[in-house]
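Here the structure comes first, spelled out in structure tokens, and everything after it is commentary.
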Amino acid sequence: TKDYYDMVAVLDNYPSVKSNINLVPSLLVQLDEYSKGIAKDKFLDLTLKPALELSEDDKIFILMNFFMANWDTMVFPYNRYHQLLEKRGKQTNESDVRRILNYFKIEDIRDLQVWFNLSWFDPYWRKHDDFINSLYIKGRDFTEDEKHKLIEKQLQICGMVVSKHKELQDRGQIEVSVTPFYHPILPLLCDTNNALQATPNINLPKKRFSHKEDAFNQVKNAVEYYESVFGRKPSGMWPSEGSVSNDVVKIAAENNIEWLATDEAVLFNSYKNNNINRKYLFRPYNVNIDGQSVNMLFR
């Protein structure tokens with residue numbers, strides 16, 4: 001609800017702007033499972049639990065964890081949320097929270113349940129959803145019905161993320177690139193000794209780890225899942241954390257990935273001397289490893 005939908009939806013206002021957006025398959029699976037009510041977590045469960053039915057331990061968890069947000073941008077601007085933080089204390093521990101728990105009324109706890117979730121809604125939704133905007137305006141004394149409706153909105157948005165990206169990709173305004181399925185560091189998955197290429201003096205694990213077949217499947221599964229969601233195969237891949245190696249180039253090519261993107265530091269360090277003219281950044285490179293080739297772009 002914070003960024004994944006709005007960062008692509010904002011492009012509706014700028015139809016001439018082209019963009020590339022990278023999505024991780026395991027993230028898309030999580031969003032899908034939340035939207036369908038399959039995925040659960042403690043934060044969600046304790047939000048949905050009626051404030052009157054919360055145990056002492058439940059309330060302590062909420063007071064300890066429901067201020068996990070950027071205070072400057074997501075707590076302080078909202079009087080009620082800020083007030084609840086001041087009441088709990090900015091620097092605290094579990095024993096402190098247990099001691100002050102009696103000072104929190106049921107209404108305080110319920111408002112905190114709402115504000116923790118509400119503050120994570122991007123400003124986009126205040127402009128485009130009357131109910132969400134009404135909660136920001138109301139600010140306090142929320143009802144159980146309002147809280148449950150907010151979570152329904154949250155899960156609906158989770159289910160809208162992929163379709164919005166597909167909409168803009170189908171109309172040619174964006175390209176969605178993909179990442180290996182569970183976001184592994186592919187060169188190390190292929191062989192932990194690959195770390196020596198970048199850092200020759202690094203301390204490696206005593207037991208060498210090398211599973212190229214797993215690295216291959218991470219890419220293969222990502223491509224297959226992408227196709228099931230977007231109705232086409234991906235052209236490009238952003239390897240997890242931009243981590244690349246000769247093995248990764250071959251695996252990408254074997255899975256019909258046409259281009260890989262990584263960081264300019266990789267290009268600099270791949271030259272025999274680092275006195276590289278920066279104009280060489282702004283072009284694709286065709287990298288061929290043992291007859292397998294992909295285009296590489298360096299951010």
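Scheme for the structure tokens: letters A, B, ... for chains in order shown; per-chain residue numbers from 1; ligand numbers from 1 in order shown.
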Could I get the residues of stretch 189-250 of chain A with an atom no further than 10 Å from an atom of stretch 21-45 of chain A, each paired with its nearest atom pair and that distance in Å to one decimal, using only C-alpha atoms, sorted by chain and residue number, as JSON lines?
```
{"residue": "A:Gln218", "atom": "CA", "partner": "A:Pro25", "partner_atom": "CA", "distance": 10.0}
{"residue": "A:Asn221", "atom": "CA", "partner": "A:Pro25", "partner_atom": "CA", "distance": 8.7}
{"residue": "A:Ala222", "atom": "CA", "partner": "A:Pro25", "partner_atom": "CA", "distance": 6.0}
{"residue": "A:Val223", "atom": "CA", "partner": "A:Pro25", "partner_atom": "CA", "distance": 8.9}
{"residue": "A:Glu224", "atom": "CA", "partner": "A:Pro25", "partner_atom": "CA", "distance": 9.8}
{"residue": "A:Tyr225", "atom": "CA", "partner": "A:Pro25", "partner_atom": "CA", "distance": 6.9}
{"residue": "A:Tyr226", "atom": "CA", "partner": "A:Pro25", "partner_atom": "CA", "distance": 7.1}
{"residue": "A:Val229", "atom": "CA", "partner": "A:Leu28", "partner_atom": "CA", "distance": 9.2}
{"residue": "A:Gly236", "atom": "CA", "partner": "A:Asn22", "partner_atom": "CA", "distance": 9.0}
{"residue": "A:Met237", "atom": "CA", "partner": "A:Asn22", "partner_atom": "CA", "distance": 7.9}
{"residue": "A:Trp238", "atom": "CA", "partner": "A:Asn22", "partner_atom": "CA", "distance": 6.9}
{"residue": "A:Pro239", "atom": "CA", "partner": "A:Val24", "partner_atom": "CA", "distance": 9.9}
{"residue": "A:Ser240", "atom": "CA", "partner": "A:Val24", "partner_atom": "CA", "distance": 8.9}
```
Dump all heavy atoms for the selected residues as a compact mmCIF listing (two decimals), in the first residue's frame?
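Writing the result to again-v1.txt gives the following:
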```txt
# COMPACT_ATOMS: atom_id res chain seq x y z
N GLN A 218 16.16 -20.93 -10.14
CA GLN A 218 15.68 -19.64 -9.66
C GLN A 218 15.29 -18.73 -10.83
O GLN A 218 14.30 -18.00 -10.76
CB GLN A 218 16.75 -18.96 -8.80
CG GLN A 218 17.03 -19.64 -7.47
CD GLN A 218 15.97 -19.35 -6.43
OE1 GLN A 218 15.23 -18.39 -6.53
NE2 GLN A 218 15.92 -20.18 -5.40
N ASN A 221 12.20 -20.56 -12.82
CA ASN A 221 10.93 -20.39 -12.12
C ASN A 221 10.43 -18.95 -12.19
O ASN A 221 9.22 -18.69 -12.26
CB ASN A 221 11.07 -20.82 -10.66
CG ASN A 221 11.29 -22.31 -10.51
OD1 ASN A 221 11.00 -23.09 -11.43
ND2 ASN A 221 11.82 -22.74 -9.37
N ALA A 222 11.37 -18.00 -12.17
CA ALA A 222 10.99 -16.59 -12.28
C ALA A 222 10.37 -16.31 -13.65
O ALA A 222 9.34 -15.64 -13.75
CB ALA A 222 12.21 -15.70 -12.06
N VAL A 223 10.99 -16.85 -14.69
CA VAL A 223 10.48 -16.64 -16.05
C VAL A 223 9.09 -17.26 -16.19
O VAL A 223 8.16 -16.66 -16.76
CB VAL A 223 11.46 -17.23 -17.08
CG1 VAL A 223 10.82 -17.28 -18.48
CG2 VAL A 223 12.75 -16.42 -17.12
N GLU A 224 8.92 -18.47 -15.68
CA GLU A 224 7.64 -19.16 -15.80
C GLU A 224 6.54 -18.44 -15.02
O GLU A 224 5.40 -18.31 -15.50
CB GLU A 224 7.78 -20.61 -15.33
CG GLU A 224 8.62 -21.47 -16.27
CD GLU A 224 8.84 -22.88 -15.75
OE1 GLU A 224 8.50 -23.13 -14.56
OE2 GLU A 224 9.34 -23.73 -16.51
N TYR A 225 6.88 -17.97 -13.82
CA TYR A 225 5.86 -17.26 -13.03
C TYR A 225 5.49 -15.94 -13.69
O TYR A 225 4.31 -15.57 -13.77
CB TYR A 225 6.36 -17.02 -11.60
CG TYR A 225 5.28 -16.41 -10.73
CD1 TYR A 225 4.28 -17.20 -10.19
CD2 TYR A 225 5.25 -15.04 -10.47
CE1 TYR A 225 3.26 -16.65 -9.43
CE2 TYR A 225 4.25 -14.47 -9.70
CZ TYR A 225 3.26 -15.29 -9.18
OH TYR A 225 2.25 -14.74 -8.43
N TYR A 226 6.48 -15.25 -14.19
CA TYR A 226 6.24 -13.99 -14.90
C TYR A 226 5.27 -14.21 -16.05
O TYR A 226 4.31 -13.45 -16.23
CB TYR A 226 7.58 -13.45 -15.41
CG TYR A 226 7.53 -12.11 -16.10
CD1 TYR A 226 8.02 -10.97 -15.50
CD2 TYR A 226 7.04 -12.00 -17.41
CE1 TYR A 226 8.00 -9.73 -16.14
CE2 TYR A 226 7.01 -10.78 -18.07
CZ TYR A 226 7.50 -9.65 -17.43
OH TYR A 226 7.48 -8.44 -18.06
N VAL A 229 1.70 -14.62 -15.07
CA VAL A 229 1.07 -13.40 -14.57
C VAL A 229 0.85 -12.38 -15.68
O VAL A 229 -0.22 -11.78 -15.80
CB VAL A 229 1.92 -12.78 -13.43
CG1 VAL A 229 1.43 -11.38 -13.09
CG2 VAL A 229 1.87 -13.67 -12.20
N GLY A 236 13.92 -8.74 -19.84
CA GLY A 236 15.04 -8.31 -19.02
C GLY A 236 15.00 -8.83 -17.60
O GLY A 236 13.95 -9.22 -17.09
N MET A 237 16.18 -8.85 -16.99
CA MET A 237 16.29 -9.30 -15.60
C MET A 237 17.25 -8.39 -14.85
O MET A 237 18.32 -8.04 -15.35
CB MET A 237 16.80 -10.75 -15.55
CG MET A 237 17.09 -11.25 -14.13
SD MET A 237 17.41 -13.04 -14.09
CE MET A 237 15.73 -13.67 -14.24
N TRP A 238 16.81 -8.00 -13.67
CA TRP A 238 17.72 -7.34 -12.73
C TRP A 238 18.15 -8.41 -11.73
O TRP A 238 17.37 -8.80 -10.86
CB TRP A 238 17.03 -6.18 -12.01
CG TRP A 238 17.98 -5.47 -11.09
CD1 TRP A 238 18.28 -5.82 -9.80
CD2 TRP A 238 18.79 -4.32 -11.36
NE1 TRP A 238 19.22 -4.96 -9.27
CE2 TRP A 238 19.55 -4.03 -10.21
CE3 TRP A 238 18.95 -3.51 -12.49
CZ2 TRP A 238 20.45 -2.96 -10.14
CZ3 TRP A 238 19.83 -2.45 -12.41
CH2 TRP A 238 20.56 -2.19 -11.25
N PRO A 239 19.38 -8.93 -11.84
CA PRO A 239 19.82 -9.94 -10.88
C PRO A 239 19.79 -9.38 -9.47
O PRO A 239 20.05 -8.18 -9.26
CB PRO A 239 21.25 -10.25 -11.33
CG PRO A 239 21.34 -9.77 -12.74
CD PRO A 239 20.42 -8.60 -12.82
N SER A 240 19.49 -10.21 -8.51
CA SER A 240 19.37 -9.76 -7.11
C SER A 240 20.58 -8.95 -6.71
O SER A 240 21.72 -9.40 -6.83
CB SER A 240 19.24 -10.98 -6.19
OG SER A 240 18.35 -11.92 -6.75
```
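Within the 10 Å cut-off around A:Leu189, using only C-alpha atoms and omitting residues fewer than 4 positions from it on the same chain, the listed residues are Pro184, Ile185, Asn193, Asn194, Phe209, Ser210, His211, Lys212, Glu213, Asp214, Ala215, Phe216, Gln218 and Val248 of chain A.
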Using N, CA and C atoms, can you write the selected residues to a file as a short mmCIF file (atom, residue, chain, number, x, y, z; two decimals), in the first residue's frame?
```
data_model
loop_
_atom_site.label_atom_id
_atom_site.label_comp_id
_atom_site.auth_asym_id
_atom_site.auth_seq_id
_atom_site.Cartn_x
_atom_site.Cartn_y
_atom_site.Cartn_z
N PRO A 184 17.86 -14.66 -4.72
CA PRO A 184 19.17 -15.13 -4.24
C PRO A 184 20.30 -14.35 -4.90
N ILE A 185 21.47 -14.37 -4.29
CA ILE A 185 22.67 -13.82 -4.89
C ILE A 185 23.24 -14.88 -5.81
N ASN A 193 33.03 -19.60 -4.23
CA ASN A 193 34.36 -19.12 -4.62
C ASN A 193 34.31 -17.96 -5.61
N ASN A 194 33.13 -17.72 -6.20
CA ASN A 194 32.99 -16.56 -7.08
C ASN A 194 33.24 -15.25 -6.34
N PHE A 209 30.27 -24.08 -1.36
CA PHE A 209 28.87 -24.27 -1.76
C PHE A 209 28.76 -23.97 -3.24
N SER A 210 28.27 -24.93 -4.02
CA SER A 210 28.17 -24.72 -5.45
C SER A 210 26.96 -25.48 -6.00
N HIS A 211 25.93 -24.74 -6.38
CA HIS A 211 24.71 -25.37 -6.90
C HIS A 211 24.17 -24.57 -8.08
N LYS A 212 24.82 -24.74 -9.21
CA LYS A 212 24.39 -24.04 -10.42
C LYS A 212 22.98 -24.45 -10.82
N GLU A 213 22.64 -25.71 -10.50
CA GLU A 213 21.31 -26.17 -10.89
C GLU A 213 20.22 -25.40 -10.15
N ASP A 214 20.51 -25.02 -8.91
CA ASP A 214 19.55 -24.23 -8.14
C ASP A 214 19.47 -22.81 -8.71
N ALA A 215 20.62 -22.24 -9.05
CA ALA A 215 20.64 -20.92 -9.66
C ALA A 215 19.83 -20.92 -10.96
N PHE A 216 20.02 -21.98 -11.76
CA PHE A 216 19.26 -22.09 -13.01
C PHE A 216 17.76 -22.12 -12.73
N GLN A 218 16.16 -20.93 -10.14
CA GLN A 218 15.68 -19.64 -9.66
C GLN A 218 15.29 -18.73 -10.83
N VAL A 248 26.24 -16.41 -14.37
CA VAL A 248 24.92 -15.78 -14.41
C VAL A 248 24.54 -15.40 -15.84
#
```
If you run DSSP on the backbone here, which positions in stretch 170-199 of chain A get helix (DSSP H, G or I)? Please write them as a ChimeraX atom specification. /A:170,186-190,192-198
Create the file for the chosen residues now, containing all heavy atoms and written as a compact mmCIF listing (two decimals), in the first residue's frame.
```
# COMPACT_ATOMS: atom_id res chain seq x y z
N ASP A 170 1.11 -3.63 -21.14
CA ASP A 170 0.37 -3.99 -22.36
C ASP A 170 0.17 -2.79 -23.28
O ASP A 170 0.08 -2.96 -24.50
CB ASP A 170 -0.99 -4.60 -21.99
CG ASP A 170 -0.87 -6.01 -21.43
OD1 ASP A 170 0.22 -6.60 -21.56
OD2 ASP A 170 -1.87 -6.52 -20.86
N LEU A 186 22.91 -14.80 -7.09
CA LEU A 186 23.17 -15.89 -8.02
C LEU A 186 24.64 -16.31 -8.11
O LEU A 186 24.92 -17.52 -8.12
CB LEU A 186 22.66 -15.53 -9.42
CG LEU A 186 21.16 -15.65 -9.67
CD1 LEU A 186 20.86 -15.37 -11.14
CD2 LEU A 186 20.64 -17.04 -9.30
N PRO A 187 25.61 -15.39 -8.19
CA PRO A 187 27.00 -15.86 -8.31
C PRO A 187 27.42 -16.74 -7.13
O PRO A 187 28.16 -17.71 -7.32
CB PRO A 187 27.81 -14.56 -8.35
CG PRO A 187 26.86 -13.55 -8.90
CD PRO A 187 25.53 -13.93 -8.32
N LEU A 188 26.96 -16.42 -5.94
CA LEU A 188 27.32 -17.21 -4.76
C LEU A 188 26.55 -18.52 -4.72
O LEU A 188 27.03 -19.51 -4.18
CB LEU A 188 27.09 -16.42 -3.48
CG LEU A 188 27.89 -15.13 -3.34
CD1 LEU A 188 27.58 -14.45 -2.01
CD2 LEU A 188 29.39 -15.40 -3.46
N LEU A 189 25.35 -18.51 -5.27
CA LEU A 189 24.58 -19.74 -5.36
C LEU A 189 25.26 -20.70 -6.34
O LEU A 189 25.32 -21.91 -6.11
CB LEU A 189 23.16 -19.43 -5.82
CG LEU A 189 22.10 -20.53 -5.70
CD1 LEU A 189 22.00 -21.06 -4.28
CD2 LEU A 189 20.75 -20.00 -6.16
N CYS A 190 25.82 -20.15 -7.41
CA CYS A 190 26.57 -20.97 -8.37
C CYS A 190 27.83 -21.53 -7.73
O CYS A 190 28.17 -22.70 -7.91
CB CYS A 190 26.95 -20.15 -9.59
SG CYS A 190 25.55 -19.71 -10.65
N THR A 192 30.39 -20.35 -4.13
CA THR A 192 30.84 -19.35 -3.17
C THR A 192 32.23 -18.81 -3.50
O THR A 192 32.57 -17.69 -3.12
CB THR A 192 30.84 -19.92 -1.73
OG1 THR A 192 31.45 -21.22 -1.74
CG2 THR A 192 29.43 -20.03 -1.19
N ASN A 193 33.03 -19.60 -4.23
CA ASN A 193 34.36 -19.12 -4.62
C ASN A 193 34.31 -17.96 -5.61
O ASN A 193 35.32 -17.28 -5.84
CB ASN A 193 35.19 -20.26 -5.21
CG ASN A 193 35.79 -21.15 -4.12
OD1 ASN A 193 35.44 -21.00 -2.95
ND2 ASN A 193 36.67 -22.05 -4.50
N ASN A 194 33.13 -17.72 -6.20
CA ASN A 194 32.99 -16.56 -7.08
C ASN A 194 33.24 -15.25 -6.34
O ASN A 194 33.55 -14.23 -6.97
CB ASN A 194 31.60 -16.53 -7.71
CG ASN A 194 31.47 -17.50 -8.88
OD1 ASN A 194 32.46 -17.84 -9.53
ND2 ASN A 194 30.26 -17.96 -9.14
N ALA A 195 33.09 -15.27 -5.03
CA ALA A 195 33.34 -14.06 -4.24
C ALA A 195 34.77 -13.56 -4.42
O ALA A 195 35.04 -12.36 -4.30
CB ALA A 195 33.05 -14.32 -2.77
N LEU A 196 35.67 -14.48 -4.72
CA LEU A 196 37.09 -14.10 -4.88
C LEU A 196 37.31 -13.20 -6.08
O LEU A 196 38.28 -12.44 -6.11
CB LEU A 196 37.94 -15.36 -5.01
CG LEU A 196 37.98 -16.28 -3.77
CD1 LEU A 196 38.67 -17.60 -4.12
CD2 LEU A 196 38.70 -15.59 -2.62
N GLN A 197 36.43 -13.26 -7.06
CA GLN A 197 36.59 -12.41 -8.24
C GLN A 197 36.47 -10.93 -7.87
O GLN A 197 37.19 -10.09 -8.41
CB GLN A 197 35.55 -12.77 -9.29
CG GLN A 197 35.70 -14.17 -9.87
CD GLN A 197 34.59 -14.49 -10.86
OE1 GLN A 197 33.94 -13.59 -11.38
NE2 GLN A 197 34.38 -15.78 -11.10
N ALA A 198 35.57 -10.62 -6.98
CA ALA A 198 35.36 -9.23 -6.58
C ALA A 198 36.23 -8.83 -5.40
O ALA A 198 36.68 -7.69 -5.30
CB ALA A 198 33.89 -9.00 -6.24
```
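Residue nearest A:Asp130, chosen from A:Gly291, A:Leu112, A:Leu150, A:Asn79 and counting only C-alpha atoms: A:Leu150.
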What lies within 12 Å of A:Gly172 using only C-alpha atoms, ignoring chain neighbours under 5 positions off, as a ChimeraX atom specification? /A:11,15-20,165-167
d(atom CA of A:Cys158, atom CA of A:Tyr5) in Å: 8.2 Å
